[in-house]
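Here the structure comes first, spelled out in structure tokens, and everything after it is commentary.
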Amino acid sequence: MPIRETVESTPLIDNHAHAVEPLSHETVTQSFASFFTEGNLSQENARHTLNYRSVLDLLGEQFDGKDEETLLECRADVDLGEYTQALLSQTNTEYILVDDGFPDVSPSEFATYTDVAIKPIHRIENAAEAMIPNYNSVDSFEDAFVAHLDDVLSEEFVALKTVVAYRTGLDIHEHDRDALRTAYENVRKKWSGRLEHPVLNDYIVHLAAEAAARHDVPLQFHTGFGDADANPRFVDPTYLYEFLRTHADTPIVLLHGGYPYTRAAGYVTATLDNVYLDLSLATPFIQHGVEPLISQALELAPTTKLLYASDAFSVPELYLLAERRFRADLTSVLERLHQDGFMTEEYAEKVARSILRENAVRLYDL
């Protein structure tokens, strides 16, 4: 089978994504572009990213090619369940692994919008924030938090996820017990509802890595670009190197290709056996940059440790845009590598199946 046919026919396992959510008519007609950028951009600037222009083309397919204002009016009136099912049915997706931390729609609710099998991922910061007000000491908090992680990983959750990159960055350290007690007391005194103390953020990530190792499930890390509250200097996955070595028994997934630190993420993935590299969010956000991103990941990282995902969130269009962009650019990269003599056609087809599906089947025991 030619490379292109293999890429196009292989069912996807989307190893990191988010639920879709109902949007008001006003949100769609006035600020839909916000869902196609990670920055705090004005609507005027957000409307002129290539990612947003691509969704207008997609809406034109769905609603007969009208102007932007009319397309958004049509989009605002859809039945979310029917519309989500229609778009996802075009992606040939077998499983979606759904982060339960955002938006405020549970994985089980999302499952009512699609026939695709949904597997939940548990975000640790949300869990910790819900528990901190209920425990007076760091010792009692730790006991409860660890028990909670063990409980969810004994049930339906297939992975844990941390957004420590957003809160205090990826330069994670170990802290002694006195520092933990002091930090916990200070956070409790001034509790804001959001955990963003570097000592406590580091601490819960270490606890999560230990829990993931006990249950032999992955811990996913946001790395690379994202919302404006993630400092661009501290999302480089090389900051995690010592943490990754400390937790060598824990499968770790670096999300989003680490973009723009993709080569650095590939280096870490190629160096440490427990590290995997997910290629989401950048797909489809960087549009014509997806092809070089895949190519850069393949420079060093073993093909057995690269994972497809959409990181789609809130709007179902992102699922279809990511699938189309990734299949097209993976095909281009693999065909070029074959033509240039870096891999046989047979091996290129094996790589395609591995990245799109098989690596995730093994990693998440699906």
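Going through the structure tokens in order, the chains are called A, B, and so on, while each chain numbers its residues from 1 and the ligands are numbered from 1 in the order shown.
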
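When the distance limit is 12 Å and only C-alpha atoms are what count, the residues near Phe225 (chain A), minus those fewer than 5 positions from it on the same chain, are A:Thr37, A:Glu38, A:Gly39, A:Val163, A:Ala165, A:Tyr166, A:Gly169, A:Ala230, A:Asn231, A:Pro232, A:Arg233, A:Phe234, A:Val235, A:Asp236, A:Pro237, A:Leu255, A:His256, A:Gly257, A:Gly258, A:Tyr259, A:Pro260, A:Tyr261, A:Thr262, A:Ser280, A:Leu281, A:Ala282, A:Thr283, A:Phe285, A:Ile286.
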
So that I can see what lies close to His122 (chain A), please list as a compact mmCIF listing (two decimals) with C-alpha atoms, in the first residue's frame the residues with an atom at most 7 Å from it, counting only C-alpha atoms and leaving out residues fewer than 6 positions away in the same chain.
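Writing done, so here's around_11.txt:
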```txt
# COMPACT_ATOMS: atom_id res chain seq x y z
CA ASP A 99 -8.22 16.08 29.77
CA ASP A 100 -10.87 16.65 32.46
CA PHE A 157 -8.56 7.26 34.02
CA ALA A 159 -3.23 9.07 32.48
CA LEU A 160 -2.48 12.11 34.61
CA LYS A 161 -1.77 15.57 33.26
```

Check region 62-244 of chain A with DSSP on the backbone and list each residue it calls strand (DSSP E or B), as a short mmCIF file (atom, residue, chain, number, x, y, z; two decimals) with N, CA, C and O atoms, in the first residue's frame.
```cif
data_model
loop_
_atom_site.label_atom_id
_atom_site.label_comp_id
_atom_site.auth_asym_id
_atom_site.auth_seq_id
_atom_site.Cartn_x
_atom_site.Cartn_y
_atom_site.Cartn_z
N THR A 93 -11.41 8.58 13.85
CA THR A 93 -10.77 8.51 15.16
C THR A 93 -11.37 7.36 15.97
O THR A 93 -12.59 7.23 16.07
N GLU A 94 -10.49 6.55 16.55
CA GLU A 94 -10.93 5.38 17.32
C GLU A 94 -11.12 5.72 18.80
O GLU A 94 -12.10 5.31 19.41
N TYR A 95 -10.15 6.44 19.38
CA TYR A 95 -10.21 6.87 20.78
C TYR A 95 -9.81 8.33 20.87
O TYR A 95 -8.93 8.80 20.14
N ILE A 96 -10.43 9.04 21.83
CA ILE A 96 -9.97 10.37 22.23
C ILE A 96 -9.68 10.32 23.72
O ILE A 96 -10.54 9.94 24.52
N LEU A 97 -8.46 10.70 24.10
CA LEU A 97 -8.08 10.77 25.51
C LEU A 97 -8.29 12.21 25.96
O LEU A 97 -7.63 13.13 25.46
N VAL A 98 -9.23 12.42 26.89
CA VAL A 98 -9.77 13.74 27.18
C VAL A 98 -9.31 14.24 28.54
O VAL A 98 -9.57 13.62 29.58
N ASP A 99 -8.63 15.38 28.56
CA ASP A 99 -8.22 16.08 29.77
C ASP A 99 -9.47 16.62 30.47
O ASP A 99 -10.25 17.38 29.88
N ALA A 117 -14.83 6.49 21.06
CA ALA A 117 -14.61 6.06 22.44
C ALA A 117 -13.81 7.11 23.19
O ALA A 117 -12.78 7.60 22.70
N ILE A 118 -14.27 7.49 24.37
CA ILE A 118 -13.64 8.53 25.19
C ILE A 118 -12.96 7.89 26.39
O ILE A 118 -13.56 7.08 27.10
N LYS A 119 -11.69 8.25 26.60
CA LYS A 119 -10.94 7.81 27.78
C LYS A 119 -10.47 9.07 28.52
O LYS A 119 -9.87 9.95 27.92
N PRO A 120 -10.71 9.15 29.86
CA PRO A 120 -10.41 10.39 30.57
C PRO A 120 -8.97 10.45 31.09
O PRO A 120 -8.37 9.43 31.46
N ILE A 121 -8.43 11.68 31.11
CA ILE A 121 -7.14 12.01 31.71
C ILE A 121 -7.41 12.97 32.86
O ILE A 121 -8.23 13.89 32.73
N HIS A 122 -6.72 12.79 33.98
CA HIS A 122 -7.00 13.58 35.19
C HIS A 122 -5.95 14.66 35.37
O HIS A 122 -4.75 14.38 35.45
N ARG A 123 -6.42 15.92 35.46
CA ARG A 123 -5.50 17.05 35.65
C ARG A 123 -5.23 17.25 37.14
O ARG A 123 -6.15 17.48 37.94
N ALA A 159 -4.45 8.27 32.34
CA ALA A 159 -3.23 9.07 32.48
C ALA A 159 -3.51 10.22 33.43
O ALA A 159 -4.66 10.56 33.73
N LEU A 160 -2.42 10.84 33.88
CA LEU A 160 -2.48 12.11 34.61
C LEU A 160 -1.90 13.19 33.73
O LEU A 160 -1.13 12.93 32.81
N LYS A 161 -2.27 14.44 34.04
CA LYS A 161 -1.77 15.57 33.26
C LYS A 161 -1.47 16.72 34.20
O LYS A 161 -2.20 16.97 35.16
N THR A 162 -0.35 17.42 33.95
CA THR A 162 -0.01 18.60 34.73
C THR A 162 0.14 19.82 33.83
O THR A 162 0.66 19.73 32.71
N LEU A 219 2.25 10.24 32.67
CA LEU A 219 2.02 11.59 33.18
C LEU A 219 2.31 12.54 32.03
O LEU A 219 3.42 12.56 31.50
N GLN A 220 1.30 13.29 31.62
CA GLN A 220 1.44 14.24 30.52
C GLN A 220 1.82 15.62 31.05
O GLN A 220 1.25 16.08 32.05
N PHE A 221 2.76 16.28 30.37
CA PHE A 221 3.19 17.63 30.71
C PHE A 221 2.85 18.58 29.58
O PHE A 221 3.25 18.34 28.42
#
```

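With distances restricted to only C-alpha atoms, A:Ile124 is the closest residue to Val205 (chain A) from A:Ile124, A:Val116, A:Ala248, A:Leu337.
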
Counting only C-alpha atoms, what is within 8 Å of Arg325 (chain A), bar same-chain residues fewer than 5 positions away, as an MDAnalysis selection string?
chainID A and resid 283:284 287 290

Sort by chain and increasing residue number a table of all residues of region 1-31 of chain A within 12 Å of region 62-68 of chain A, each with its closest pair of atoms and their distance in Å to one decimal, counting only C-alpha atoms, and write it as a Markdown table.
```
| residue | atom | partner | partner_atom | distance |
| --- | --- | --- | --- | --- |
| A:Val28 | CA | A:Glu68 | CA | 11.4 |
| A:Thr29 | CA | A:Glu68 | CA | 9.4 |
| A:Gln30 | CA | A:Glu68 | CA | 11.1 |
```
